[in-house]
Structures are given as C-alpha cells and as structure tokens.
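**Q** This is the structure, below, for whatever I ask next.
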Amino acid sequence: MTAISLGMPSVPTKLAERRKSRQIQVGTVAVGGDAPVSVQSMTTTRTSDIGATLQQIAELTASGCQIVRVACPTQDDADALAVIAKKSQIPVIADIHFQPKYVFAAIDAGCAAVRVNPGNIKQFDDKVKEIARAAKDAGTPIRIGVNAGSLDARLLKKYGKATPEALVESALWEASLFEEHGFRDIKISVKHNDPVVMVNAYRQLAAQCDYPLHLGVTEAGPAFQGTIKSAVAFGALLSEGIGDTIRVSLSAPPVEEIKVGNQILESLNLKPRRLEIVSCPSCGRAQVDVYKLAEEVTAGLDGMEVPLRVAVMGCVVNGPGEAREADLGVASGNGKGQIFVKGEVIKTVPESKIVETLIEEALKIAEQMEKDGVASGEPTVAIAG
C-alpha cells in the first residue's frame, strides 16, 4: 500500500517580491529597500507628561514596537521631545499638525523623524524650503502623512471627496515641493478609513513613486472591527509587495495595535513567527473543550522566544496529522490525549494532565533549542479538531 502523507502542504515563503523603494533611516531602523517591514504605534499620553510617555513607550517596546510616534500639539509637548527622544529605546517620530514651528522644534529635539499633515498646516507649502533645509542638515526624514479626514481643501473641491486619486495627488504634490529643494529623505502615507479606498490609493501611489510607504487604515475603529479592516487592507497590499512600515489604528491600548501588527506580518511570513496557536473552531466531533485547552496552552507558553510549533487537537479526524507536523502536539479524545514530540507519540495522558504536560515538554524543547543556538524567531502552536 502506498503511504499517504498526513502533513501540511508546502507553501511559498512569501507571496510577492517587495516593491523596489528607496531606503531611509529612521533612527536605528532602516525603512524601505530590502529592510524588513516595521511595526509602529502611537502613544496616547500627553507628550508633555514625560514620565507617562516614556513608560508607555517602554511597554510598546516590550511588545515588539519598532518605531513610536508622539503627538506634539502644544509648546509644552515640543519642550518634552528632546528628553523623550533621548531616553526612548526605539526611534521617536514627532506628529505635527497645524503649527509649522513644531516641525523645527522636533528636528532640533533630535527626533528620529517628523510626520507632517500638509492638509491642516496653514501655509505649509510656504515653509517647505525652510523645513527641507533644517531636516537635511539634521539628517531627519519627513513622513508626508495625507489623511482622508484632513485633505487639502483645494483637492476636496477638485475631486468632491477623498478619492484615491485625491490622496495620491496631495502626497505627490507635497513630495515634489521637497524635491525642488533637493530633499528626498521622505516616507509617505495616504490613509483612509475605508480599506478599499485605502488599498487603491496605495496601489496608485506605489506605481507613481519610489518612496517607502507607511500603511494605515485611519480611524479603523474598535479592536475587533479595526483588526479586521487593517488585516484585510494590509494583507492585500503586503501580499503584492507594497508597504514598508505599518500602524494598526485601533480604539484600544497601543500595545494591542502592536500585537495585531506583528501577527499580520507573521501570518504573511514577513516576520519570524513566535507562539502560533493552530486550533480548530470546534465542532460536534470534538471530545474535549478545545477553547479551554487553546487558552490555557497559550497562556502557559506566553513569552517563549524560540520558534516552537505546538498542536492541540480536539478530535481524531485532523488531530494526529496536525500533531505529527508540529514540534509538539496533542491529539485528544475519549478523555485522554496522545502527546507528540517531533512527530512521535511519547506518552498518553488523561485530559486533566494535557496542559501541564504540553507546557513541561515545550520548556524542554525550548531549552534544547536555546542550547543549539535556535533562540531567535517565534514559536508556533497548533490547536485543531
């Protein structure tokens, strides 16, 4: 009899070649070119509260944030930038609206980059020459951030609303003003709250320039809705090789944005995977509480920093095959679970012992992987039924 493989099918390591873009340097993080796609977020504290802002930046850093943006609407915020930029462990971008003077303050403060929204900065075009000179002298990149909600009135009148064409024309117009003064250390974003409009805008922009692009669905909404909208939009663009940095905009704590952003990149093989739970949605075949198992195993392995794959299966249909393919797995049924390590059954335990056994075996594998020098990357956990 011919043996039939129960393993998972091979998949391409990436969906498309990255778009060719010029590379800029945002502090210690390279953006564009062949640099990895980076994940950003924005603090929700008052920037003038230096302690609270640095605390939130530290939390974001620990969660995997690579670049952080801070708001600068007042002089007190501008005065705080120098300390924050110096003490932050990751590059700090100053977010400037309305007042051009704060652009210069951010550059002087040593921020890694400055984000400007031309649509709501009065007389911005008149200040480009000065901004370009100051940014060039300091080696500070500029992000031209065009938003549907604050599009230049001239373009709103021309197009009637924030269409993809309007967003792209605004961004490229502002970039051209900087180019006139020999400044090309630029990153661009064209954000919209509708993922379809946003995707079309970035596609058009990608075809018309070689600047690195920062992806975002602006005002994406609460955690669930915003996660879906961002995943759909980012997935469409990143799968075409478009995008150099991302920010998931959620009405939720900033750390949640980083979790979602990293998971999107991991799902597209654009970032080494960490703990990945492969679990079934459960069904009438399941003979164990898959939901509870998945939650408890995930919690028990939280923080593991080696590329480990764990499979937790709820029934005998897909369970054995998925468990064999994982570094560690369990196929459950009839009140017990078969524990697999590297495809081999090592023991059978009662259902009450499944979670502690998996965690115990995972720690053994992780320890061995660290001894073998496999300490970077991210574990995978599969739970199916």
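In the structure tokens, chains take letters A, B, ... by order of appearance, with residues numbered from 1 within each chain and ligands from 1 in the order shown.
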Taking only C-alpha atoms into account, produce a table as a Markdown table in which each residue of segment 173-256 of chain A with an atom at most 12 Å from an atom of segment 141-162 of chain A appears once, together with its shortest atom pair and the distance in Å to one decimal, ordered by chain and rising number.

**A**
| residue | atom | partner | partner_atom | distance |
| --- | --- | --- | --- | --- |
| A:Trp173 | CA | A:Ile144 | CA | 10.2 |
| A:Glu174 | CA | A:Ile144 | CA | 7.4 |
| A:Ala175 | CA | A:Ile144 | CA | 7.4 |
| A:Ser176 | CA | A:Ile144 | CA | 11.1 |
| A:Leu177 | CA | A:Ile144 | CA | 11.3 |
| A:Phe178 | CA | A:Ile142 | CA | 9.6 |
| A:Glu179 | CA | A:Ile142 | CA | 12.0 |
| A:Phe183 | CA | A:Pro141 | CA | 9.2 |
| A:Arg184 | CA | A:Pro141 | CA | 8.4 |
| A:Asp185 | CA | A:Pro141 | CA | 5.0 |
| A:Ile186 | CA | A:Ile142 | CA | 5.0 |
| A:Lys187 | CA | A:Arg143 | CA | 4.6 |
| A:Ile188 | CA | A:Ile144 | CA | 4.9 |
| A:Ser189 | CA | A:Gly145 | CA | 4.9 |
| A:Val190 | CA | A:Val146 | CA | 4.8 |
| A:Lys191 | CA | A:Asn147 | CA | 4.9 |
| A:His192 | CA | A:Ala148 | CA | 5.1 |
| A:Asn193 | CA | A:Ala148 | CA | 7.6 |
| A:Asp194 | CA | A:Ala148 | CA | 9.5 |
| A:Pro195 | CA | A:Ala148 | CA | 11.9 |
| A:Val197 | CA | A:Ala162 | CA | 8.8 |
| A:Met198 | CA | A:Ala148 | CA | 9.3 |
| A:Asn200 | CA | A:Ala162 | CA | 12.0 |
| A:Ala201 | CA | A:Ala162 | CA | 10.0 |
| A:Tyr202 | CA | A:Val146 | CA | 11.4 |
| A:Leu205 | CA | A:Val146 | CA | 11.8 |
| A:Tyr211 | CA | A:Arg143 | CA | 10.1 |
| A:Pro212 | CA | A:Arg143 | CA | 9.5 |
| A:Leu213 | CA | A:Arg143 | CA | 9.1 |
| A:His214 | CA | A:Arg143 | CA | 8.5 |
| A:Leu215 | CA | A:Gly145 | CA | 10.2 |
| A:Gly216 | CA | A:Asn147 | CA | 9.7 |
| A:Val217 | CA | A:Asn147 | CA | 9.5 |
| A:Thr218 | CA | A:Asn147 | CA | 7.4 |
| A:Glu219 | CA | A:Gly149 | CA | 9.4 |
| A:Thr245 | CA | A:Arg143 | CA | 11.4 |

**Q** Determine, counting only C-alpha atoms, which protein, DNA and RNA residues have an atom within 7 Å of an atom of segment 222-231 of chain A; residues of the same chain fewer than 6 positions away are not included. Present the result as number ranges by chain.

**A** A: 195, 248-252, 260, 264

**Q** Name the residues in contact with segment 20-31 of chain A at a cut-off of 12 Å, using only C-alpha atoms, excluding same-chain residues fewer than 3 positions from it; report them as a ChimeraX atom specification.

**A** /A:16-17,34-40,65-69,85-86,88-94,110-115,138-143,183-188,205-214,240-246

**Q** Give me the residues within 12 Å of Gln75 of chain A as an NGL selection string, counting only C-alpha atoms and dropping any in the same chain fewer than 5 places off.

**A** :A and (46-48 or 80-81 or 96 or 99-106)

**Q** Could you write out that same residue set with N, CA and C atoms as a short mmCIF file (atom, residue, chain, number, x, y, z; two decimals), in the first residue's frame?

**A**
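The resulting out.cif:
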data_model
loop_
_atom_site.label_atom_id
_atom_site.label_comp_id
_atom_site.auth_asym_id
_atom_site.auth_seq_id
_atom_site.Cartn_x
_atom_site.Cartn_y
_atom_site.Cartn_z
N ARG A 46 -0.27 62.38 27.15
CA ARG A 46 0.15 63.74 26.80
C ARG A 46 1.67 63.74 26.72
N THR A 47 2.20 64.16 25.62
CA THR A 47 3.64 64.10 25.43
C THR A 47 4.37 64.93 26.48
N SER A 48 3.72 65.99 26.93
CA SER A 48 4.33 66.83 27.96
C SER A 48 4.53 66.10 29.28
N ALA A 80 9.10 68.80 25.57
CA ALA A 80 9.38 67.47 26.14
C ALA A 80 10.08 66.55 25.15
N LEU A 81 10.08 66.89 23.88
CA LEU A 81 10.57 65.97 22.85
C LEU A 81 12.02 65.57 23.03
N ILE A 96 3.14 66.20 13.82
CA ILE A 96 2.89 67.64 13.80
C ILE A 96 1.66 67.99 12.97
N GLN A 99 0.75 73.67 13.38
CA GLN A 99 1.80 74.66 13.64
C GLN A 99 3.14 74.25 13.04
N PRO A 100 3.58 74.90 11.97
CA PRO A 100 4.88 74.56 11.37
C PRO A 100 6.06 74.71 12.33
N LYS A 101 5.91 75.61 13.32
CA LYS A 101 7.04 75.84 14.22
C LYS A 101 7.44 74.59 14.99
N TYR A 102 6.46 73.69 15.20
CA TYR A 102 6.78 72.47 15.94
C TYR A 102 7.57 71.48 15.10
N VAL A 103 7.51 71.60 13.79
CA VAL A 103 8.37 70.78 12.93
C VAL A 103 9.82 71.08 13.24
N PHE A 104 10.13 72.36 13.30
CA PHE A 104 11.52 72.77 13.59
C PHE A 104 11.91 72.37 15.01
N ALA A 105 10.96 72.47 15.95
CA ALA A 105 11.24 72.08 17.33
C ALA A 105 11.58 70.59 17.42
N ALA A 106 10.84 69.78 16.66
CA ALA A 106 11.07 68.33 16.67
C ALA A 106 12.43 67.98 16.07
#

**Q** What are the DSSP alpha helix (DSSP H) residues of segment 204-293 of chain A, as a VMD selection string?

**A** chain A and resid 204 to 208 223 to 238 254 to 267 290 to 293

**Q** Please, could you write that set of residues out with C-alpha atoms as a tab-separated table (two decimals), in the first residue's frame?

**A**
chain	number	residue	atom	x	y	z
A	204	GLN	CA	-1.66	54.11	-7.33
A	205	LEU	CA	0.97	55.73	-5.13
A	206	ALA	CA	3.29	52.70	-5.37
A	207	ALA	CA	3.11	52.88	-9.16
A	208	GLN	CA	3.99	56.59	-9.26
A	223	ALA	CA	-10.40	46.42	18.40
A	224	PHE	CA	-12.41	43.80	16.53
A	225	GLN	CA	-13.54	45.95	13.62
A	226	GLY	CA	-10.20	47.73	13.35
A	227	THR	CA	-8.27	44.47	13.36
A	228	ILE	CA	-10.37	43.07	10.51
A	229	LYS	CA	-10.15	46.25	8.42
A	230	SER	CA	-6.41	46.56	8.93
A	231	ALA	CA	-5.73	42.87	8.27
A	232	VAL	CA	-7.75	42.98	5.05
A	233	ALA	CA	-6.07	46.16	3.77
A	234	PHE	CA	-2.54	45.31	4.85
A	235	GLY	CA	-2.87	41.75	3.63
A	236	ALA	CA	-3.93	42.92	0.18
A	237	LEU	CA	-1.05	45.37	-0.14
A	238	LEU	CA	1.71	43.42	1.57
A	254	PRO	CA	-1.44	50.91	21.81
A	255	VAL	CA	0.08	47.57	22.84
A	256	GLU	CA	-2.91	45.88	21.18
A	257	GLU	CA	-2.02	47.63	17.93
A	258	ILE	CA	1.46	46.11	18.09
A	259	LYS	CA	0.12	42.62	18.78
A	260	VAL	CA	-2.16	42.82	15.75
A	261	GLY	CA	0.51	44.36	13.53
A	262	ASN	CA	3.07	41.72	14.38
A	263	GLN	CA	0.54	38.93	13.87
A	264	ILE	CA	-0.33	40.28	10.41
A	265	LEU	CA	3.35	40.27	9.42
A	266	GLU	CA	3.91	36.81	10.88
A	267	SER	CA	0.89	35.46	9.01
A	290	VAL	CA	-10.86	22.91	22.63
A	291	TYR	CA	-11.48	26.53	23.60
A	292	LYS	CA	-10.24	25.99	27.15
A	293	LEU	CA	-7.24	23.95	26.01

**Q** Using DSSP assignments from the backbone, pull out every residue in segment 55-172 of chain A that falls under strand (DSSP E) and give it to me as a ChimeraX atom specification.

**A** /A:67-71,92-96,113-116,142-147

**Q** Next, the residues of the selection above should be written as a PDB file, in the first residue's frame with C-alpha atoms.

**A**
ATOM      1  CA  ILE A  67       9.074  52.908  15.899  1.00  0.00           C
ATOM      2  CA  VAL A  68       6.802  55.098  18.025  1.00  0.00           C
ATOM      3  CA  ARG A  69       5.003  58.333  17.199  1.00  0.00           C
ATOM      4  CA  VAL A  70       4.173  61.021  19.756  1.00  0.00           C
ATOM      5  CA  ALA A  71       1.751  63.916  19.346  1.00  0.00           C
ATOM      6  CA  VAL A  92      10.609  58.553  18.135  1.00  0.00           C
ATOM      7  CA  ILE A  93       8.634  60.327  15.412  1.00  0.00           C
ATOM      8  CA  ALA A  94       7.038  63.669  16.258  1.00  0.00           C
ATOM      9  CA  ASP A  95       3.497  64.051  14.900  1.00  0.00           C
ATOM     10  CA  ILE A  96       2.893  67.644  13.796  1.00  0.00           C
ATOM     11  CA  ALA A 113      11.701  61.614  12.033  1.00  0.00           C
ATOM     12  CA  VAL A 114       8.857  64.094  11.752  1.00  0.00           C
ATOM     13  CA  ARG A 115       5.373  63.357  10.451  1.00  0.00           C
ATOM     14  CA  VAL A 116       3.590  66.311   8.863  1.00  0.00           C
ATOM     15  CA  ILE A 142       9.994  63.542   6.881  1.00  0.00           C
ATOM     16  CA  ARG A 143       6.799  61.491   6.617  1.00  0.00           C
ATOM     17  CA  ILE A 144       4.194  63.145   4.462  1.00  0.00           C
ATOM     18  CA  GLY A 145       1.013  61.848   6.052  1.00  0.00           C
ATOM     19  CA  VAL A 146      -2.107  62.500   3.999  1.00  0.00           C
ATOM     20  CA  ASN A 147      -5.401  61.659   5.721  1.00  0.00           C
TER      21      ASN A 147
END

**Q** Any idea what the distance is between atom CA of Ser63 of chain A and atom CA of Pro253 of chain A?

**A** 11.8 Å

**Q** Hey, can you check how far atom CA of Lys364 of chain A sits from atom CA of Met304 of chain A?

**A** 11.8 Å

**Q** Could you tell me how far atom CA of Thr61 of chain A sits from atom CA of Asp76 of chain A, in Å to one decimal place?

**A** 24.2 Å

**Q** When distances are computed from only C-alpha atoms, which of A:Ser239, A:Thr74, A:Ser170, A:Gln338 shows the smallest separation from Thr357 of chain A?

**A** A:Gln338

**Q** Skip Glu360 of chain A itself and residues of its chain fewer than 3 positions away, then list as a CSV table (one decimal) with N, CA, C and O atoms, in the first residue's frame all residues within 12 Å of it, counting only C-alpha atoms.

**A**
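Saved result, part_21.csv, follows:
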chain,number,residue,atom,x,y,z
A,297,VAL,N,-3.1,26.7,27.1
A,297,VAL,CA,-1.8,26.4,26.5
A,297,VAL,C,-1.1,27.7,26.0
A,297,VAL,O,0.1,28.0,26.3
A,300,GLY,N,0.1,29.5,29.1
A,300,GLY,CA,1.2,28.8,29.7
A,300,GLY,C,2.5,29.0,28.9
A,300,GLY,O,3.6,28.9,29.5
A,301,LEU,N,2.4,29.3,27.6
A,301,LEU,CA,3.6,29.4,26.8
A,301,LEU,C,3.9,30.9,26.4
A,301,LEU,O,4.8,31.2,25.7
A,328,LEU,N,5.6,20.0,18.8
A,328,LEU,CA,4.9,19.4,20.0
A,328,LEU,C,3.4,19.4,19.7
A,328,LEU,O,2.9,20.4,19.2
A,339,ILE,N,0.5,12.6,23.3
A,339,ILE,CA,1.4,13.7,23.2
A,339,ILE,C,2.5,13.3,22.2
A,339,ILE,O,3.1,12.3,22.2
A,341,VAL,N,6.0,14.5,20.1
A,341,VAL,CA,7.2,15.4,20.0
A,341,VAL,C,7.9,15.0,18.7
A,341,VAL,O,8.3,13.8,18.5
A,353,LYS,N,-4.4,16.3,32.5
A,353,LYS,CA,-2.9,16.5,32.5
A,353,LYS,C,-2.4,17.0,31.2
A,353,LYS,O,-1.2,17.2,31.0
A,354,ILE,N,-3.2,17.3,30.2
A,354,ILE,CA,-2.8,17.7,28.9
A,354,ILE,C,-2.0,19.0,28.9
A,354,ILE,O,-0.9,19.1,28.4
A,355,VAL,N,-2.6,20.0,29.5
A,355,VAL,CA,-2.0,21.3,29.5
A,355,VAL,C,-0.6,21.3,30.2
A,355,VAL,O,0.4,21.8,29.7
A,356,GLU,N,-0.6,20.8,31.4
A,356,GLU,CA,0.7,20.8,32.1
A,356,GLU,C,1.8,20.0,31.4
A,356,GLU,O,2.9,20.3,31.4
A,357,THR,N,1.3,18.9,30.8
A,357,THR,CA,2.3,18.0,30.1
A,357,THR,C,2.8,18.8,28.8
A,357,THR,O,4.1,18.7,28.6
A,363,LEU,N,8.9,23.4,27.4
A,363,LEU,CA,10.0,24.0,28.1
A,363,LEU,C,11.3,23.2,27.8
A,363,LEU,O,12.4,23.7,27.7
A,364,LYS,N,11.1,21.9,27.8
A,364,LYS,CA,12.3,21.0,27.5
A,364,LYS,C,12.8,21.3,26.1
A,364,LYS,O,14.0,21.4,25.8
A,365,ILE,N,11.9,21.4,25.1
A,365,ILE,CA,12.2,21.6,23.7
A,365,ILE,C,12.9,23.0,23.6
A,365,ILE,O,13.9,23.1,22.9
A,366,ALA,N,12.3,24.0,24.3
A,366,ALA,CA,12.8,25.3,24.2
A,366,ALA,C,14.3,25.4,24.7
A,366,ALA,O,15.1,26.0,24.2
A,367,GLU,N,14.5,24.7,25.8
A,367,GLU,CA,15.8,24.7,26.5
A,367,GLU,C,16.8,24.1,25.5
A,367,GLU,O,17.9,24.6,25.4
